[in-house]
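What follows is run.txt (compact mmCIF, C-alpha atoms and all ligand atoms).
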```
# COMPACT_ATOMS: atom_id res chain seq x y z
CA MET A 1 12.53 -39.93 29.01
CA ASP A 2 12.54 -36.58 30.76
CA ARG A 3 11.07 -33.30 29.69
CA ILE A 4 13.99 -31.11 28.74
CA LEU A 5 14.53 -27.61 27.29
CA VAL A 6 15.50 -27.79 23.59
CA TRP A 7 14.29 -24.53 21.95
CA ASP A 8 15.73 -21.27 23.27
CA TRP A 9 13.77 -17.99 23.29
CA PRO A 10 15.12 -16.56 19.99
CA VAL A 11 14.14 -19.78 18.17
CA ARG A 12 10.60 -19.71 19.57
CA ILE A 13 9.92 -15.97 19.25
CA GLY A 14 11.62 -15.97 15.84
CA HIS A 15 9.42 -18.82 14.61
CA TRP A 16 6.10 -17.26 15.50
CA LEU A 17 7.23 -13.85 14.30
CA LEU A 18 8.15 -15.48 10.98
CA VAL A 19 4.74 -17.17 10.73
CA GLY A 20 2.89 -13.95 11.58
CA ALA A 21 4.94 -11.77 9.23
CA PHE A 22 4.62 -14.27 6.37
CA ALA A 23 0.85 -14.45 6.84
CA LEU A 24 0.57 -10.64 6.92
CA ALA A 25 2.73 -10.31 3.78
CA TRP A 26 0.55 -12.88 2.04
CA LEU A 27 -2.74 -11.23 3.02
CA THR A 28 -1.62 -7.73 1.96
CA SER A 29 0.12 -8.81 -1.25
CA GLU A 30 -2.54 -7.78 -3.77
CA SER A 31 -3.30 -4.34 -2.40
CA GLU A 32 -1.66 -1.00 -3.19
CA ALA A 33 -3.25 0.57 -0.11
CA TRP A 34 -1.43 -2.04 2.01
CA ARG A 35 1.79 -2.06 -0.05
CA LEU A 36 3.88 -0.40 2.68
CA VAL A 37 2.63 -2.89 5.28
CA HIS A 38 3.35 -5.68 2.79
CA ALA A 39 6.96 -4.56 2.31
CA GLY A 40 7.36 -4.12 6.09
CA ALA A 41 5.99 -7.58 6.82
CA GLY A 42 8.18 -9.07 4.09
CA GLY A 43 11.14 -7.17 5.51
CA THR A 44 10.38 -8.68 8.92
CA VAL A 45 10.51 -12.16 7.34
CA VAL A 46 13.95 -11.32 5.93
CA GLY A 47 15.16 -9.88 9.25
CA VAL A 48 14.10 -12.90 11.28
CA ILE A 49 15.82 -15.19 8.75
CA ALA A 50 19.01 -13.10 8.76
CA PHE A 51 19.15 -13.43 12.55
CA ARG A 52 18.34 -17.14 12.31
CA LEU A 53 21.29 -17.74 9.95
CA LEU A 54 23.64 -16.21 12.52
CA TRP A 55 21.88 -18.10 15.32
CA GLY A 56 22.37 -21.31 13.35
CA VAL A 57 26.09 -20.87 13.91
CA VAL A 58 26.37 -19.28 17.34
CA GLY A 59 23.03 -20.29 18.93
CA THR A 60 22.18 -23.09 21.33
CA ARG A 61 22.83 -26.73 20.45
CA HIS A 62 19.60 -27.70 18.64
CA ALA A 63 19.41 -24.37 16.84
CA ARG A 64 22.74 -24.98 15.08
CA PHE A 65 22.58 -26.06 11.45
CA ALA A 66 25.42 -28.53 12.08
CA SER A 67 23.18 -30.34 14.58
CA PHE A 68 20.12 -30.85 12.36
CA VAL A 69 21.11 -30.61 8.68
CA ARG A 70 21.73 -34.22 7.59
CA GLY A 71 22.68 -35.87 4.31
CA PRO A 72 20.22 -37.84 2.14
CA GLY A 73 21.03 -41.05 4.05
CA GLY A 74 19.84 -39.56 7.34
CA VAL A 75 16.64 -38.31 5.71
CA ARG A 76 15.95 -41.73 4.14
CA ASP A 77 16.53 -43.55 7.41
CA TYR A 78 14.18 -41.18 9.21
CA LEU A 79 11.43 -41.51 6.58
CA LEU A 80 11.79 -45.31 6.46
CA GLY A 81 11.56 -45.38 10.26
CA LEU A 82 8.43 -43.23 10.05
CA VAL A 83 6.60 -45.57 7.63
CA SER A 84 7.66 -48.68 9.55
CA GLY A 85 6.21 -47.16 12.71
CA ARG A 86 9.54 -46.92 14.53
CA PRO A 87 10.73 -43.37 13.84
CA LEU A 88 14.16 -42.40 15.12
CA HIS A 89 13.73 -39.86 17.87
CA THR A 90 15.79 -36.69 17.78
CA ALA A 91 15.79 -34.14 20.59
CA GLY A 92 16.05 -31.32 18.02
CA HIS A 93 14.67 -31.18 14.45
CA ASN A 94 14.32 -34.49 12.64
CA PRO A 95 16.40 -34.91 9.43
CA ALA A 96 13.40 -34.53 7.06
CA GLY A 97 12.09 -31.46 8.86
CA GLY A 98 15.59 -30.02 8.78
CA TRP A 99 15.46 -29.76 5.01
CA ALA A 100 12.03 -28.12 5.05
CA ILE A 101 13.53 -25.54 7.42
CA VAL A 102 16.52 -24.91 5.12
CA ALA A 103 14.13 -24.55 2.14
CA LEU A 104 11.86 -22.13 4.04
CA LEU A 105 14.79 -19.97 5.09
CA ALA A 106 16.20 -19.88 1.54
CA LEU A 107 12.80 -19.17 -0.05
CA GLY A 108 12.12 -16.42 2.48
CA LEU A 109 15.33 -14.66 1.47
CA LEU A 110 14.66 -15.12 -2.26
CA THR A 111 11.07 -13.88 -1.91
CA GLY A 112 12.22 -10.86 0.06
CA ALA A 113 15.04 -10.01 -2.34
CA SER A 114 12.87 -10.29 -5.46
CA GLY A 115 10.14 -8.26 -3.72
CA TRP A 116 12.60 -5.50 -2.94
CA LEU A 117 13.84 -5.48 -6.54
CA THR A 118 10.24 -5.14 -7.78
CA TYR A 119 9.43 -2.48 -5.19
CA ASN A 120 12.34 -0.31 -6.29
CA GLU A 121 12.05 -1.22 -9.97
CA VAL A 122 15.62 -2.47 -10.03
CA GLY A 123 16.02 -4.92 -12.88
CA GLY A 124 13.22 -5.97 -15.16
CA GLU A 125 9.51 -6.68 -14.80
CA TRP A 126 10.29 -10.36 -14.56
CA PHE A 127 11.35 -10.00 -10.92
CA GLU A 128 7.65 -9.60 -10.16
CA GLU A 129 7.04 -13.08 -11.62
CA VAL A 130 10.00 -14.44 -9.65
CA HIS A 131 8.64 -12.77 -6.51
CA GLU A 132 5.18 -14.26 -6.89
CA ALA A 133 6.56 -17.69 -7.81
CA MET A 134 8.95 -17.75 -4.81
CA ALA A 135 6.17 -16.63 -2.45
CA SER A 136 3.87 -19.39 -3.76
CA LEU A 137 6.62 -21.99 -3.53
CA MET A 138 7.28 -20.89 0.05
CA LEU A 139 3.60 -21.24 0.92
CA GLY A 140 3.70 -24.74 -0.60
CA VAL A 141 6.73 -25.75 1.47
CA ALA A 142 5.11 -24.23 4.59
CA VAL A 143 2.06 -26.45 4.02
CA LEU A 144 4.34 -29.50 3.72
CA HIS A 145 6.19 -28.32 6.82
CA VAL A 146 2.98 -28.14 8.87
CA ALA A 147 1.91 -31.56 7.50
CA GLY A 148 5.31 -32.92 8.59
CA VAL A 149 4.86 -31.41 12.04
CA VAL A 150 1.48 -33.12 12.39
CA VAL A 151 2.80 -36.50 11.18
CA SER A 152 5.86 -36.35 13.43
CA SER A 153 3.76 -35.23 16.39
CA LEU A 154 1.53 -38.29 15.95
CA ALA A 155 4.46 -40.66 15.31
CA HIS A 156 6.37 -39.51 18.39
CA ARG A 157 3.24 -38.94 20.52
CA GLU A 158 4.55 -35.51 21.31
CA ASN A 159 2.89 -32.15 20.58
CA LEU A 160 5.63 -30.40 18.58
CA VAL A 161 3.60 -27.20 18.14
CA LEU A 162 3.30 -26.88 21.92
CA ALA A 163 7.05 -27.56 22.13
CA MET A 164 7.68 -24.58 19.83
CA LEU A 165 5.82 -22.49 22.45
CA THR A 166 7.23 -23.92 25.69
CA GLY A 167 10.63 -25.01 24.37
CA MET A 168 10.25 -28.39 26.15
CA LYS A 169 10.49 -31.83 24.50
CA HIS A 170 11.19 -35.43 25.53
CA GLY A 171 14.87 -36.28 25.73
CA THR A 172 17.71 -37.27 28.01
CA PRO A 173 19.12 -34.65 30.41
CA ALA A 174 22.41 -34.71 28.47
CA GLU A 175 20.55 -33.45 25.37
CA ALA A 176 19.07 -30.41 27.10
CA ILE A 177 20.29 -26.90 26.38
CA ARG A 178 21.56 -25.04 29.42
CA GLY A 179 19.87 -21.69 29.05
CA ALA A 180 17.03 -20.18 27.01
CA ARG A 181 19.11 -17.07 26.18
CA PRO A 182 16.35 -14.46 26.61
CA TRP A 183 18.98 -11.71 26.25
CA ALA A 184 19.27 -12.48 22.52
CA VAL A 185 15.57 -11.70 21.90
CA PRO A 186 16.09 -7.90 21.75
CA MET A 187 18.78 -8.50 19.13
CA LEU A 188 16.36 -10.63 17.10
CA LEU A 189 13.68 -7.93 17.33
CA ALA A 190 16.15 -5.18 16.44
CA CYS A 191 17.31 -7.14 13.40
CA ALA A 192 13.69 -7.76 12.30
CA ALA A 193 12.74 -4.09 12.78
CA ALA A 194 15.83 -2.80 10.98
CA CYS A 195 15.21 -5.04 7.97
CA ALA A 196 11.49 -4.16 7.89
CA TRP A 197 12.31 -0.46 7.94
CA TRP A 198 15.14 -0.65 5.46
CA LEU A 199 13.39 -2.88 2.91
CA ALA A 200 10.08 -0.93 3.02
CA ARG A 201 11.83 2.43 2.80
CA MET B 202 15.05 -28.46 -6.75
CA ARG B 203 16.62 -25.15 -7.71
CA GLN B 204 16.72 -26.22 -11.35
CA HIS B 205 13.05 -27.14 -11.20
CA ALA B 206 12.14 -23.80 -9.67
CA PHE B 207 14.10 -22.09 -12.41
CA ALA B 208 12.34 -24.08 -15.13
CA ILE B 209 8.98 -23.15 -13.62
CA LEU B 210 10.02 -19.48 -13.57
CA VAL B 211 11.08 -19.47 -17.19
CA GLY B 212 7.75 -21.07 -18.08
CA LEU B 213 5.81 -18.47 -16.12
CA CYS B 214 7.61 -15.59 -17.76
CA ALA B 215 7.04 -17.04 -21.21
CA THR B 216 3.30 -17.43 -20.67
CA THR B 217 2.58 -14.02 -19.14
CA VAL B 218 4.61 -11.76 -21.39
CA GLN B 219 2.60 -11.26 -24.55
CA ALA B 220 3.89 -8.46 -26.73
CA ALA B 221 1.00 -6.26 -27.88
CA THR B 222 0.34 -2.66 -28.80
CA PRO B 223 -1.95 -0.15 -27.03
CA ALA B 224 -4.14 -0.18 -30.17
CA GLU B 225 -4.59 -3.95 -29.89
CA LEU B 226 -5.49 -3.76 -26.21
CA LEU B 227 -7.94 -0.95 -26.94
CA ALA B 228 -9.52 -2.98 -29.77
CA GLY B 229 -9.88 -5.97 -27.44
CA TYR B 230 -11.70 -3.96 -24.75
CA GLN B 231 -13.78 -2.19 -27.39
CA SER B 232 -15.12 -5.42 -28.87
CA ALA B 233 -15.81 -6.80 -25.37
CA ALA B 234 -17.72 -3.61 -24.54
CA ALA B 235 -19.63 -3.76 -27.84
CA GLN B 236 -20.97 -7.18 -26.85
CA GLN B 237 -22.57 -5.63 -23.78
CA SER B 238 -23.90 -2.53 -25.51
CA ALA B 239 -24.09 -2.65 -29.29
CA GLY B 240 -22.36 0.14 -31.19
CA PHE B 241 -20.05 1.07 -28.31
CA GLN B 242 -17.37 3.58 -29.33
CA PRO B 243 -14.46 4.41 -26.99
CA SER B 244 -14.32 8.05 -25.89
CA ALA B 245 -11.16 9.86 -24.79
CA GLN B 246 -13.37 12.45 -23.06
CA ARG B 247 -15.10 9.84 -20.90
CA GLY B 248 -11.65 8.35 -20.23
CA ALA B 249 -10.32 11.73 -19.09
CA ALA B 250 -13.31 12.25 -16.78
CA PHE B 251 -12.84 8.77 -15.35
CA PHE B 252 -9.14 9.44 -14.77
CA ALA B 253 -9.86 12.70 -12.91
CA ASN B 254 -12.94 11.46 -11.03
CA ARG B 255 -12.57 11.41 -7.24
CA PHE B 256 -14.34 8.17 -6.42
CA GLY B 257 -13.56 8.66 -2.74
CA GLN B 258 -13.82 4.94 -1.92
CA SER B 259 -10.46 5.07 -0.25
CA ALA B 260 -9.37 8.07 1.84
CA LYS B 261 -5.72 7.65 0.93
CA MET B 262 -6.18 7.07 -2.79
CA PRO B 263 -9.49 8.68 -3.84
CA ALA B 264 -8.63 8.94 -7.58
CA CYS B 265 -6.38 7.52 -10.27
CA THR B 266 -4.63 10.89 -10.19
CA SER B 267 -3.63 10.29 -6.53
CA CYS B 268 -0.74 8.24 -7.85
CA HIS B 269 -0.60 8.93 -11.56
CA THR B 270 -0.85 12.78 -11.18
CA ASP B 271 -3.21 14.97 -13.18
CA ASP B 272 -1.11 14.58 -16.31
CA PRO B 273 -0.62 11.00 -17.51
CA ALA B 274 2.41 12.08 -19.53
CA LEU B 275 4.25 12.87 -16.29
CA ALA B 276 5.85 10.49 -13.83
CA GLY B 277 3.67 9.75 -10.82
CA ARG B 278 4.30 9.03 -7.17
CA HIS B 279 2.72 6.25 -5.11
CA VAL B 280 0.74 7.98 -2.31
CA VAL B 281 1.28 5.09 0.09
CA THR B 282 4.89 4.07 -0.50
CA ASP B 283 6.22 7.30 -2.03
CA LYS B 284 7.89 5.33 -4.84
CA ALA B 285 8.15 6.86 -8.32
CA ILE B 286 5.76 5.56 -11.01
CA LYS B 287 6.65 5.91 -14.68
CA PRO B 288 4.19 7.87 -16.89
CA LEU B 289 0.99 6.05 -17.94
CA ALA B 290 0.73 7.61 -21.39
CA PRO B 291 2.37 5.44 -24.09
CA ALA B 292 3.69 8.63 -25.76
CA ALA B 293 5.83 9.25 -22.67
CA ASN B 294 6.52 5.61 -21.79
CA ALA B 295 6.62 3.15 -24.70
CA ALA B 296 6.31 0.14 -22.39
CA ARG B 297 2.69 1.03 -21.42
CA PHE B 298 -0.15 -1.21 -22.61
CA THR B 299 2.16 -3.60 -24.41
CA ASP B 300 1.39 -6.54 -22.11
CA ALA B 301 -2.27 -7.53 -21.82
CA ALA B 302 -1.75 -9.51 -18.60
CA LYS B 303 0.03 -6.62 -16.93
CA ALA B 304 -2.65 -4.09 -17.92
CA GLU B 305 -5.38 -6.46 -16.65
CA LYS B 306 -3.59 -6.99 -13.34
CA TRP B 307 -3.27 -3.28 -12.65
CA PHE B 308 -6.82 -2.48 -13.82
CA ARG B 309 -8.09 -5.14 -11.43
CA ARG B 310 -5.94 -3.98 -8.54
CA ASN B 311 -6.35 -0.23 -8.93
CA CYS B 312 -10.04 -0.26 -9.90
CA THR B 313 -10.94 -2.51 -6.95
CA GLU B 314 -9.31 -0.16 -4.49
CA VAL B 315 -9.99 3.23 -6.07
CA VAL B 316 -13.40 2.71 -7.72
CA GLY B 317 -14.55 0.06 -5.25
CA ARG B 318 -15.30 -2.51 -7.97
CA GLU B 319 -13.71 -3.91 -11.11
CA CYS B 320 -13.74 -1.63 -14.14
CA SER B 321 -15.95 -2.55 -17.11
CA ALA B 322 -14.51 -3.23 -20.56
CA ALA B 323 -16.05 0.07 -21.68
CA GLU B 324 -14.25 2.02 -18.95
CA LYS B 325 -10.95 0.33 -19.82
CA ALA B 326 -11.41 1.12 -23.52
CA ASP B 327 -12.21 4.78 -22.72
CA PHE B 328 -9.20 4.93 -20.40
CA ILE B 329 -6.77 3.68 -23.04
CA ALA B 330 -8.37 5.94 -25.67
CA PHE B 331 -7.68 8.90 -23.36
CA LEU B 332 -4.09 7.83 -22.63
CA THR B 333 -3.24 7.24 -26.29
CA GLY B 334 -4.76 10.62 -27.09
CA GLY B 335 -6.95 9.28 -29.85
CA ARG B 336 -10.61 9.30 -30.77
C1 LIG A 401 8.93 -12.65 2.26
C2 LIG A 401 7.66 -12.39 2.32
C3 LIG A 401 6.84 -11.94 1.13
C4 LIG A 401 5.77 -12.60 0.59
C5 LIG A 401 5.19 -13.93 1.05
C6 LIG A 401 5.29 -11.81 -0.52
C7 LIG A 401 4.23 -12.17 -1.34
C8 LIG A 401 3.81 -11.47 -2.46
C9 LIG A 401 2.85 -11.94 -3.45
C10 LIG A 401 2.15 -13.30 -3.41
C11 LIG A 401 2.70 -10.95 -4.39
C12 LIG A 401 1.85 -11.02 -5.65
C13 LIG A 401 0.52 -10.39 -5.47
C14 LIG A 401 -0.35 -10.57 -6.69
O1 LIG A 401 -0.01 -10.02 -7.74
O2 LIG A 401 -1.34 -11.30 -6.58
C15 LIG A 401 3.54 -9.85 -3.99
C16 LIG A 401 3.63 -8.66 -4.67
C17 LIG A 401 4.50 -7.64 -4.33
N1 LIG A 401 5.43 -7.64 -3.29
FE1 LIG A 401 5.74 -9.14 -1.97
N2 LIG A 401 6.05 -10.67 -0.62
C18 LIG A 401 7.01 -10.69 0.36
C19 LIG A 401 7.99 -9.73 0.60
C20 LIG A 401 8.09 -8.52 -0.07
C21 LIG A 401 9.08 -7.47 0.20
C22 LIG A 401 10.18 -7.55 1.27
C23 LIG A 401 8.81 -6.44 -0.66
C24 LIG A 401 9.46 -5.09 -0.83
C25 LIG A 401 10.44 -4.61 -0.16
C26 LIG A 401 7.68 -6.83 -1.47
C27 LIG A 401 7.10 -6.05 -2.48
C28 LIG A 401 6.10 -6.44 -3.32
C29 LIG A 401 5.58 -5.61 -4.41
C30 LIG A 401 6.05 -4.21 -4.80
C31 LIG A 401 4.58 -6.36 -5.05
C32 LIG A 401 3.72 -5.92 -6.25
C33 LIG A 401 4.43 -6.33 -7.47
C34 LIG A 401 3.66 -6.04 -8.73
O3 LIG A 401 2.54 -6.51 -8.86
O4 LIG A 401 4.23 -5.35 -9.59
N3 LIG A 401 7.27 -8.10 -1.10
N4 LIG A 401 4.21 -10.19 -2.83
C1 LIG A 402 5.16 -19.58 6.62
C2 LIG A 402 5.01 -20.31 7.61
C3 LIG A 402 6.14 -20.98 8.37
C4 LIG A 402 7.49 -20.87 8.26
C5 LIG A 402 8.27 -19.98 7.30
C6 LIG A 402 8.07 -21.75 9.25
C7 LIG A 402 9.43 -21.90 9.46
C8 LIG A 402 10.00 -22.71 10.41
C9 LIG A 402 11.40 -22.76 10.72
C10 LIG A 402 12.48 -21.90 10.06
C11 LIG A 402 11.57 -23.67 11.71
C12 LIG A 402 12.85 -24.01 12.41
C13 LIG A 402 12.85 -23.37 13.77
C14 LIG A 402 14.23 -23.09 14.25
O1 LIG A 402 15.01 -24.01 14.46
O2 LIG A 402 14.53 -21.87 14.38
C15 LIG A 402 10.27 -24.23 12.03
C16 LIG A 402 10.02 -25.19 12.97
C17 LIG A 402 8.75 -25.54 13.39
N1 LIG A 402 7.53 -25.04 12.92
FE1 LIG A 402 7.32 -23.75 11.43
N2 LIG A 402 7.07 -22.39 9.93
C18 LIG A 402 5.88 -21.95 9.42
C19 LIG A 402 4.61 -22.30 9.82
C20 LIG A 402 4.34 -23.13 10.89
C21 LIG A 402 3.03 -23.39 11.44
C22 LIG A 402 1.72 -22.77 10.90
C23 LIG A 402 3.19 -24.27 12.48
C24 LIG A 402 2.16 -24.87 13.43
C25 LIG A 402 1.02 -25.32 13.09
C26 LIG A 402 4.60 -24.55 12.58
C27 LIG A 402 5.17 -25.38 13.52
C28 LIG A 402 6.51 -25.63 13.64
C29 LIG A 402 7.07 -26.57 14.60
C30 LIG A 402 6.29 -27.43 15.57
C31 LIG A 402 8.47 -26.53 14.43
C32 LIG A 402 9.49 -27.39 15.16
C33 LIG A 402 9.63 -28.63 14.34
C34 LIG A 402 10.43 -29.69 15.06
O3 LIG A 402 10.05 -30.05 16.17
O4 LIG A 402 11.43 -30.11 14.49
N3 LIG A 402 5.27 -23.85 11.60
N4 LIG A 402 9.32 -23.60 11.22
```
Could you take the file, read its structure, and then write that structure out as structure tokens?
Amino acid sequence: MDRILVWDWPVRIGHWLLVGAFALAWLTSESEAWRLVHAGAGGTVVGVIAFRLLWGVVGTRHARFASFVRGPGGVRDYLLGLVSGRPLHTAGHNPAGGWAIVALLALGLLTGASGWLTYNEVGGEWFEEVHEAMASLMLGVAVLHVAGVVVSSLAHRENLVLAMLTGMKHGTPAEAIRGARPWAVPMLLACAAACAWWLAR
Amino acid sequence: MRQHAFAILVGLCATTVQAATPAELLAGYQSAAAQQSAGFQPSAQRGAAFFANRFGQSAKMPACTSCHTDDPALAGRHVVTDKAIKPLAPAANAARFTDAAKAEKWFRRNCTEVVGRECSAAEKADFIAFLTGGR
């Protein structure tokens, strides 16, 4: 198999921005002195996800939800392949990882929304509990996600973390994306900055 | 998955919301303080001094009054985020000190950053005595 381009620039920059912003939001969560930074970091998480939802429809091939969100059958086949030592190779996200991604995106939005409601005291006190629970659930799924990345990397003998940096994976030339779309990165950053500003306001 | 998350949430809310009165919270801190120093009596005066004290640990929020204003019966303003904070005194805001877990969370958070350490049970008892305007 050849080394081909699968992850465009918005996917890669968006991913690491998401990881950084989530970590910052987590680390500043208990402090009032850092509350503004917390809301800004959380807002960045929401902004990156908002852009990613759009990109999942109009982005490059492997970024599209239609290309990696599979039914339960696809997930079962992939997991069975993984335990039997013959995992099905996908150029983009594997079917199990696809669901972790959907869960992380949904939890990021729910965490951000409940955080904003708490921040502005809209609705009752219980949104604070929802906010904390969603954030913890998201951390739990992120841990599973990283474990999945490690397992898949070993099973496919391919460093998937490096691939999220370089954009390159094994695959056939027909599976490659044509361009890395660097021009969409400013739009991603603008969306992240606008959400950070608006939610922390 | 969503149903499970919801069930967990309902459980969390049920365990953390314990209806109480300011007098009960005060009594709890008072008896904890009495175990450390026998015969401890809460003092509204000490509570008032604590509230107004500029600990100066943090440049942005040197005192409790930085956010809660000099008068606990008035609405405050968060110095960092500029968001409104409802009055701390139960006379002005009946929801205050009616949830032990909530009071503990904010004592821990605000004391750690403003005072530079956790507050003692005695300080908490004095503080509530001051805010409830008694003793
Ligand atoms: C999506 C990323 C986010 C994560 C992972 C996150 C995480 C957390 C966690 C774990 C806490 C609980 C801290 C504790 O009590 O120990 C917290 C509290 C809080 N968060 Fe977030 N948060 C996020 C986004 C936001 C946003 C976007 C806002 C506001 C616009 C926000 C506002 C708040 C506020 C006001 C609190 C304090 C609530 C209280 O104790 O009453 N958060 N956050
Ligand atoms: C809170 C933390 C994290 C969140 C919310 C998160 C979220 C995501 C999302 C949404 C994707 C899909 C990318 C896309 O198609 O746009 C993804 C993929 C990926 N993430 Fe994360 N991630 C987190 C932490 C990490 C960490 C710490 C690592 C590395 C150790 C990592 C490695 C990867 C890799 C390698 C992929 C591609 C998986 C594949 O090849 O199918 N992630 N992540």
_Give me, as an MDAnalysis selection string, the residues of chain A touching chain B, with the criterion being at most 9 Å (counting only C-alpha atoms)._
chainID A and resid 30:36 119:120 126 129:130 133:134 137 200:201
Could the residues in this selection be written to a file with C-alpha atoms, as a short mmCIF file (atom, residue, chain, number, x, y, z; two decimals), keeping the file's coordinate frame?
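Okay, this is what ended up in selection_6.cif:
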```
data_model
loop_
_atom_site.label_atom_id
_atom_site.label_comp_id
_atom_site.auth_asym_id
_atom_site.auth_seq_id
_atom_site.Cartn_x
_atom_site.Cartn_y
_atom_site.Cartn_z
CA GLU A 30 -2.54 -7.78 -3.77
CA SER A 31 -3.30 -4.34 -2.40
CA GLU A 32 -1.66 -1.00 -3.19
CA ALA A 33 -3.25 0.57 -0.11
CA TRP A 34 -1.43 -2.04 2.01
CA ARG A 35 1.79 -2.06 -0.05
CA LEU A 36 3.88 -0.40 2.68
CA TYR A 119 9.43 -2.48 -5.19
CA ASN A 120 12.34 -0.31 -6.29
CA TRP A 126 10.29 -10.36 -14.56
CA GLU A 129 7.04 -13.08 -11.62
CA VAL A 130 10.00 -14.44 -9.65
CA ALA A 133 6.56 -17.69 -7.81
CA MET A 134 8.95 -17.75 -4.81
CA LEU A 137 6.62 -21.99 -3.53
CA ALA A 200 10.08 -0.93 3.02
CA ARG A 201 11.83 2.43 2.80
#
```
*Hey, which of B:Ala245, B:Ala302, B:Ala264, B:Ala293 ends up closest to Gly334 of chain B? Count only C-alpha atoms.*
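The closest residue to Gly334 of chain B is B:Ala245.
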*asked:* Report, in Å with one decimal, the straight-line distance from atom CA of Ala50 of chain A to atom CA of His15 of chain A.
replied: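 Between these atoms lies a distance of 12.6 Å.
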_Using all atoms listed in the file, which protein or nucleic acid residues come within 6 Å of His131 of chain A? Drop anything in the same chain fewer than 4 positions from it, and give the result as a PyMOL selection string._
chain A and resi 111+114-115+127
*At what distance in Å, to one decimal, does atom CA of Asp271 of chain B lie from atom CA of Ala301 of chain B?*
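Atom CA of Ala301 of chain B sits 24.1 Å away from atom CA of Asp271 of chain B.
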*One decimal, Å: what's the distance from atom CA of Phe251 of chain B over to atom CA of Ala233 of chain B, could you say?*
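Here the two named atoms are 18.8 Å from each other.
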*Which residues form the shell of 8 Å around ligand LIG 402 (chain A) when you count all atoms listed in the file, given as a ChimeraX atom specification?*
/A:7,10-12,14-16,18-20,22-23,49,52,56,62-64,92-94,97-98,100-102,104-105,108,138-139,142-143,145-146,149-150,159-164
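Proximity ranking of B:Asp327, B:Glu319, B:Asp272, B:Glu305 relative to ligand LIG 401 (chain A) places B:Glu305 first, based on all atoms listed in the file.
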*Dump the neighbourhood of ligand LIG 401 (chain A) as a PyMOL selection string: all residues within 7 Å, distances computed on only C-alpha atoms and all ligand atoms.*
chain A and resi 22+25-26+29-30+35+38-43+45-46+108-109+111-113+115-116+118-119+128+131-132+135-136+199-200
*Considering only C-alpha atoms, state which residue in the set B:Lys325, B:Phe331, B:Arg278, B:Thr299 is at the smallest distance from Pro223 of chain B.*
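Of B:Lys325, B:Phe331, B:Arg278, B:Thr299, the one nearest Pro223 of chain B, counting only C-alpha atoms, is B:Thr299.
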*asked:* So, with all atoms listed in the file as the atoms that count, which of A:Pro186, A:Met168, A:Val6, A:Ala106 lies closest to Leu53 of chain A?
replied: A:Ala106
_Shell around Met187 of chain A at 12 Å using all atoms listed in the file, local window under 2 positions removed, as a VMD selection string_ = chain A and resid 9 to 10 13 to 14 47 to 48 50 to 52 54 to 55 181 to 185 189 to 194
*When distances are computed from all atoms listed in the file, which of A:Ala176, A:Ala96, A:Val151, A:Leu188 shows the smallest separation from Arg61 of chain A?*
A:Ala176
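For the residues A:Val141, A:Leu80, A:Cys195, A:Ala91, ranking by smallest atom-to-atom distance to His156 of chain A using all atoms listed in the file places A:Ala91 first.
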Mind working out the centre and edge lengths of an axis-aligned box for segment 4-20 of chain A, all listed atoms inside, 3 Å added to each side, rounded to one decimal in Å and written as AutoDock Vina command-line options?
```
--center_x 9.3 --center_y -22.5 --center_z 19.7 --size_x 18.8 --size_y 23.3 --size_z 24.0
```
